[in-house]
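work_18.cif follows (mmCIF, C-alpha atoms; chains and numbers go by the auth columns):
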data_upload
loop_
_atom_site.group_PDB
_atom_site.id
_atom_site.type_symbol
_atom_site.label_atom_id
_atom_site.label_comp_id
_atom_site.label_asym_id
_atom_site.label_seq_id
_atom_site.Cartn_x
_atom_site.Cartn_y
_atom_site.Cartn_z
_atom_site.B_iso_or_equiv
_atom_site.auth_seq_id
_atom_site.auth_asym_id
ATOM 1 C CA MET A 1 -10.065 9.229 8.206 0.00 47 A
ATOM 2 C CA ASN A 2 -8.026 12.317 7.388 0.00 48 A
ATOM 3 C CA LEU A 3 -4.975 10.976 5.597 0.00 49 A
ATOM 4 C CA ASP A 4 -3.482 14.429 5.107 0.00 50 A
ATOM 5 C CA HIS A 5 -1.464 13.912 8.291 0.00 51 A
ATOM 6 C CA ARG A 6 1.659 11.827 7.755 0.00 52 A
ATOM 7 C CA THR A 7 1.615 9.468 10.720 0.00 53 A
ATOM 8 C CA PRO A 8 2.755 5.872 11.151 0.00 54 A
ATOM 9 C CA GLU A 9 -0.828 4.965 12.016 0.00 55 A
ATOM 10 C CA HIS A 10 -2.176 6.374 8.754 0.00 56 A
ATOM 11 C CA LEU A 11 0.577 4.639 6.784 0.00 57 A
ATOM 12 C CA LYS A 12 -0.307 1.348 8.490 0.00 58 A
ATOM 13 C CA TYR A 13 -4.009 1.908 7.796 0.00 59 A
ATOM 14 C CA MET A 14 -3.381 2.472 4.071 0.00 60 A
ATOM 15 C CA ILE A 15 -1.122 -0.573 3.676 0.00 61 A
ATOM 16 C CA GLU A 16 -3.611 -2.811 5.479 0.00 62 A
ATOM 17 C CA ALA A 17 -6.471 -1.453 3.357 0.00 63 A
ATOM 18 C CA ILE A 18 -4.520 -2.135 0.147 0.00 64 A
ATOM 19 C CA ILE A 19 -3.732 -5.685 1.282 0.00 65 A
ATOM 20 C CA THR A 20 -7.374 -6.299 2.197 0.00 66 A
ATOM 21 C CA LYS A 21 -8.803 -4.821 -0.993 0.00 67 A
ATOM 22 C CA LEU A 22 -6.404 -6.716 -3.240 0.00 68 A
ATOM 23 C CA LYS A 23 -6.769 -9.927 -1.196 0.00 69 A
ATOM 24 C CA MET A 24 -3.032 -10.270 -1.484 0.00 70 A
ATOM 25 C CA ALA A 25 -1.572 -13.716 -0.974 0.00 71 A
ATOM 26 C CA THR A 26 1.762 -12.029 -0.326 0.00 72 A
ATOM 27 C CA ALA A 27 0.413 -9.957 2.549 0.00 73 A
ATOM 28 C CA ALA A 28 3.196 -11.120 4.863 0.00 74 A
ATOM 29 C CA ALA A 29 5.729 -9.480 2.558 0.00 75 A
ATOM 30 C CA MET A 30 3.822 -6.197 2.813 0.00 76 A
ATOM 31 C CA ARG A 31 3.841 -5.736 6.582 0.00 77 A
ATOM 32 C CA PRO A 32 2.916 -2.138 7.405 0.00 78 A
ATOM 33 C CA ASP A 33 5.979 -1.779 9.599 0.00 79 A
ATOM 34 C CA ALA A 34 8.153 -2.439 6.533 0.00 80 A
ATOM 35 C CA PHE A 35 7.336 1.035 5.205 0.00 81 A
ATOM 36 C CA SER A 36 8.747 4.338 6.401 0.00 82 A
ATOM 37 C CA LEU A 37 7.057 7.727 6.500 0.00 83 A
ATOM 38 C CA ASP A 38 9.392 8.751 3.664 0.00 84 A
ATOM 39 C CA SER A 39 7.208 6.658 1.358 0.00 85 A
ATOM 40 C CA TYR A 40 3.926 8.053 2.734 0.00 86 A
ATOM 41 C CA ASP A 41 2.949 10.105 -0.331 0.00 87 A
ATOM 42 C CA ASP A 42 3.689 7.232 -2.725 0.00 88 A
ATOM 43 C CA VAL A 43 1.753 4.775 -0.565 0.00 89 A
ATOM 44 C CA ARG A 44 -1.145 7.215 -0.418 0.00 90 A
ATOM 45 C CA ASP A 45 -1.194 7.474 -4.225 0.00 91 A
ATOM 46 C CA ILE A 46 -1.367 3.679 -4.460 0.00 92 A
ATOM 47 C CA TYR A 47 -3.998 3.563 -1.718 0.00 93 A
ATOM 48 C CA GLU A 48 -6.200 6.083 -3.533 0.00 94 A
ATOM 49 C CA LEU A 49 -5.845 4.174 -6.815 0.00 95 A
ATOM 50 C CA VAL A 50 -6.714 0.843 -5.179 0.00 96 A
ATOM 51 C CA MET A 51 -9.695 2.271 -3.316 0.00 97 A
ATOM 52 C CA SER A 52 -11.053 3.908 -6.475 0.00 98 A
ATOM 53 C CA LYS A 53 -11.396 0.667 -8.436 0.00 99 A
ATOM 54 C CA ASP A 54 -13.545 -2.403 -7.966 0.00 100 A
ATOM 55 C CA ARG A 55 -11.475 -4.808 -10.052 0.00 101 A
ATOM 56 C CA PHE A 56 -7.890 -5.188 -11.114 0.00 102 A
ATOM 57 C CA SER A 57 -6.303 -7.086 -13.961 0.00 103 A
ATOM 58 C CA ILE A 58 -3.441 -9.435 -13.224 0.00 104 A
ATOM 59 C CA ASN A 59 -1.052 -6.917 -14.783 0.00 105 A
ATOM 60 C CA GLU A 60 -2.389 -4.136 -12.557 0.00 106 A
ATOM 61 C CA MET A 61 -2.047 -6.331 -9.474 0.00 107 A
ATOM 62 C CA GLU A 62 1.533 -7.199 -10.392 0.00 108 A
ATOM 63 C CA ALA A 63 2.367 -3.537 -10.963 0.00 109 A
ATOM 64 C CA ILE A 64 0.878 -2.503 -7.609 0.00 110 A
ATOM 65 C CA VAL A 65 2.685 -5.257 -5.723 0.00 111 A
ATOM 66 C CA SER A 66 5.921 -4.388 -7.515 0.00 112 A
ATOM 67 C CA GLU A 67 5.586 -0.717 -6.640 0.00 113 A
ATOM 68 C CA LEU A 68 4.846 -1.516 -3.003 0.00 114 A
ATOM 69 C CA GLY A 69 7.857 -3.817 -2.976 0.00 115 A
ATOM 70 C CA GLN A 70 10.080 -0.961 -4.163 0.00 116 A
ATOM 71 C CA LEU A 71 8.730 1.313 -1.437 0.00 117 A
ATOM 72 C CA ARG A 72 9.455 -1.095 1.400 0.00 118 A
ATOM 73 C CA ASN A 73 12.341 -0.301 3.699 0.00 119 A
ATOM 74 C CA LYS A 74 15.501 -2.013 2.659 0.00 120 A
ATOM 75 C CA ALA A 75 16.559 -4.151 5.599 0.00 121 A
#
Structure rendered as structure tokens:
Amino acid sequence: MNLDHRTPEHLKYMIEAIITKLKMATAAAMRPDAFSLDSYDDVRDIYELVMSKDRFSINEMEAIVSELGQLRNKA
């Protein structure tokens, strides 16, 4: 998939892939529709980091979830 194009579909794909890879128990809090295209580049950075590693420490997981939480749309 060519993620160079900033589309809602690509953003959704990356968020879902991060949730799946991290097996996040808090997946409901990270709904793809909670992110705007304004955060696309930051989400892509996180996506690329998550996809590049096989394992994550608890501290890394907490940092990733925290960063995603900060990128979510404020409702």
The PyMOL selection byres ((chain A and resi 80) around 6) on the file shown: which residues, as number ranges by chain? A: 77-79, 81, 118-119
Explicit residue set for the PyMOL selection byres ((chain A and resi 53-70) around 10), as a VMD selection string: chain A and resid 47 to 52 71 to 83 85 to 87 89 to 97 99 to 102 107 110 to 111 114
Report the centre and edge lengths, in Å to one decimal, of an axis-aligned box enclosing every atom of region 77-87 of chain A listed in the file, padded by 4 Å on each side, as AutoDock Vina command-line options.
--center_x 6.2 --center_y 2.2 --center_z 4.6 --size_x 14.5 --size_y 23.8 --size_z 17.9
Since fewer atoms than expected are present, regenerate N, CA and C atoms for region 47-81 of chain A and write them as an mmCIF file, in the coordinates of the input.
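Generated file (out-v3.cif):
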data_model
loop_
_atom_site.group_PDB
_atom_site.id
_atom_site.type_symbol
_atom_site.label_atom_id
_atom_site.label_comp_id
_atom_site.auth_asym_id
_atom_site.auth_seq_id
_atom_site.Cartn_x
_atom_site.Cartn_y
_atom_site.Cartn_z
ATOM 1 N N MET A 47 -11.382 9.019 7.637
ATOM 2 C CA MET A 47 -10.065 9.229 8.206
ATOM 3 C C MET A 47 -9.343 10.297 7.383
ATOM 4 N N ASN A 48 -8.758 11.243 8.058
ATOM 5 C CA ASN A 48 -8.026 12.317 7.388
ATOM 6 C C ASN A 48 -6.587 11.867 7.156
ATOM 7 N N LEU A 49 -6.302 11.488 5.921
ATOM 8 C CA LEU A 49 -4.975 10.976 5.597
ATOM 9 C C LEU A 49 -3.994 12.077 5.221
ATOM 10 N N ASP A 50 -4.385 13.322 5.404
ATOM 11 C CA ASP A 50 -3.482 14.429 5.107
ATOM 12 C C ASP A 50 -2.331 14.499 6.098
ATOM 13 N N HIS A 51 -2.506 13.896 7.265
ATOM 14 C CA HIS A 51 -1.464 13.912 8.291
ATOM 15 C C HIS A 51 -0.587 12.677 8.140
ATOM 16 N N ARG A 52 0.707 12.908 7.960
ATOM 17 C CA ARG A 52 1.659 11.827 7.755
ATOM 18 C C ARG A 52 2.039 11.207 9.101
ATOM 19 N N THR A 53 1.331 10.151 9.457
ATOM 20 C CA THR A 53 1.615 9.468 10.720
ATOM 21 C C THR A 53 1.848 7.980 10.445
ATOM 22 N N PRO A 54 2.584 7.322 11.319
ATOM 23 C CA PRO A 54 2.755 5.872 11.151
ATOM 24 C C PRO A 54 1.421 5.127 11.168
ATOM 25 N N GLU A 55 0.483 5.615 11.942
ATOM 26 C CA GLU A 55 -0.828 4.965 12.016
ATOM 27 C C GLU A 55 -1.571 5.060 10.692
ATOM 28 N N HIS A 56 -1.504 6.214 10.048
ATOM 29 C CA HIS A 56 -2.176 6.374 8.754
ATOM 30 C C HIS A 56 -1.490 5.526 7.689
ATOM 31 N N LEU A 57 -0.171 5.472 7.729
ATOM 32 C CA LEU A 57 0.577 4.639 6.784
ATOM 33 C C LEU A 57 0.165 3.175 6.959
ATOM 34 N N LYS A 58 0.106 2.720 8.198
ATOM 35 C CA LYS A 58 -0.307 1.348 8.490
ATOM 36 C C LYS A 58 -1.729 1.095 7.990
ATOM 37 N N TYR A 59 -2.624 2.040 8.240
ATOM 38 C CA TYR A 59 -4.009 1.908 7.796
ATOM 39 C C TYR A 59 -4.084 1.723 6.281
ATOM 40 N N MET A 60 -3.336 2.546 5.544
ATOM 41 C CA MET A 60 -3.381 2.472 4.071
ATOM 42 C C MET A 60 -2.828 1.149 3.566
ATOM 43 N N ILE A 61 -1.706 0.695 4.112
ATOM 44 C CA ILE A 61 -1.122 -0.573 3.676
ATOM 45 C C ILE A 61 -2.085 -1.720 3.959
ATOM 46 N N GLU A 62 -2.665 -1.743 5.136
ATOM 47 C CA GLU A 62 -3.611 -2.811 5.479
ATOM 48 C C GLU A 62 -4.847 -2.769 4.582
ATOM 49 N N ALA A 63 -5.307 -1.576 4.240
ATOM 50 C CA ALA A 63 -6.471 -1.453 3.357
ATOM 51 C C ALA A 63 -6.141 -1.959 1.956
ATOM 52 N N ILE A 64 -4.944 -1.652 1.472
ATOM 53 C CA ILE A 64 -4.520 -2.135 0.147
ATOM 54 C C ILE A 64 -4.456 -3.660 0.159
ATOM 55 N N ILE A 65 -3.841 -4.228 1.176
ATOM 56 C CA ILE A 65 -3.732 -5.685 1.282
ATOM 57 C C ILE A 65 -5.115 -6.328 1.305
ATOM 58 N N THR A 66 -6.020 -5.763 2.093
ATOM 59 C CA THR A 66 -7.374 -6.299 2.197
ATOM 60 C C THR A 66 -8.116 -6.194 0.870
ATOM 61 N N LYS A 67 -8.059 -5.039 0.248
ATOM 62 C CA LYS A 67 -8.803 -4.821 -0.993
ATOM 63 C C LYS A 67 -8.289 -5.722 -2.112
ATOM 64 N N LEU A 68 -6.978 -5.901 -2.173
ATOM 65 C CA LEU A 68 -6.404 -6.716 -3.240
ATOM 66 C C LEU A 68 -6.390 -8.198 -2.888
ATOM 67 N N LYS A 69 -6.760 -8.533 -1.645
ATOM 68 C CA LYS A 69 -6.769 -9.927 -1.196
ATOM 69 C C LYS A 69 -5.419 -10.572 -1.511
ATOM 70 N N MET A 70 -4.378 -9.869 -1.112
ATOM 71 C CA MET A 70 -3.032 -10.270 -1.484
ATOM 72 C C MET A 70 -2.583 -11.524 -0.762
ATOM 73 N N ALA A 71 -2.128 -12.492 -1.539
ATOM 74 C CA ALA A 71 -1.572 -13.716 -0.974
ATOM 75 C C ALA A 71 -0.201 -13.437 -0.367
ATOM 76 N N THR A 72 0.423 -12.370 -0.808
ATOM 77 C CA THR A 72 1.762 -12.029 -0.326
ATOM 78 C C THR A 72 1.687 -10.974 0.775
ATOM 79 N N ALA A 73 0.609 -10.981 1.522
ATOM 80 C CA ALA A 73 0.413 -9.957 2.549
ATOM 81 C C ALA A 73 1.536 -9.940 3.572
ATOM 82 N N ALA A 74 2.112 -11.083 3.876
ATOM 83 C CA ALA A 74 3.196 -11.120 4.863
ATOM 84 C C ALA A 74 4.392 -10.308 4.399
ATOM 85 N N ALA A 75 4.613 -10.246 3.103
ATOM 86 C CA ALA A 75 5.729 -9.480 2.558
ATOM 87 C C ALA A 75 5.448 -7.990 2.588
ATOM 88 N N MET A 76 4.214 -7.603 2.821
ATOM 89 C CA MET A 76 3.822 -6.197 2.813
ATOM 90 C C MET A 76 3.415 -5.731 4.205
ATOM 91 N N ARG A 77 4.137 -6.169 5.211
ATOM 92 C CA ARG A 77 3.841 -5.736 6.582
ATOM 93 C C ARG A 77 3.895 -4.206 6.659
ATOM 94 N N PRO A 78 2.925 -3.601 7.292
ATOM 95 C CA PRO A 78 2.916 -2.138 7.405
ATOM 96 C C PRO A 78 4.184 -1.571 8.039
ATOM 97 N N ASP A 79 4.775 -2.306 8.957
ATOM 98 C CA ASP A 79 5.979 -1.779 9.599
ATOM 99 C C ASP A 79 7.206 -1.844 8.693
ATOM 100 N N ALA A 80 7.057 -2.386 7.498
ATOM 101 C CA ALA A 80 8.153 -2.439 6.533
ATOM 102 C C ALA A 80 8.242 -1.159 5.697
ATOM 103 N N PHE A 81 7.363 -0.216 5.964
ATOM 104 C CA PHE A 81 7.336 1.035 5.205
ATOM 105 C C PHE A 81 7.673 2.198 6.124
#
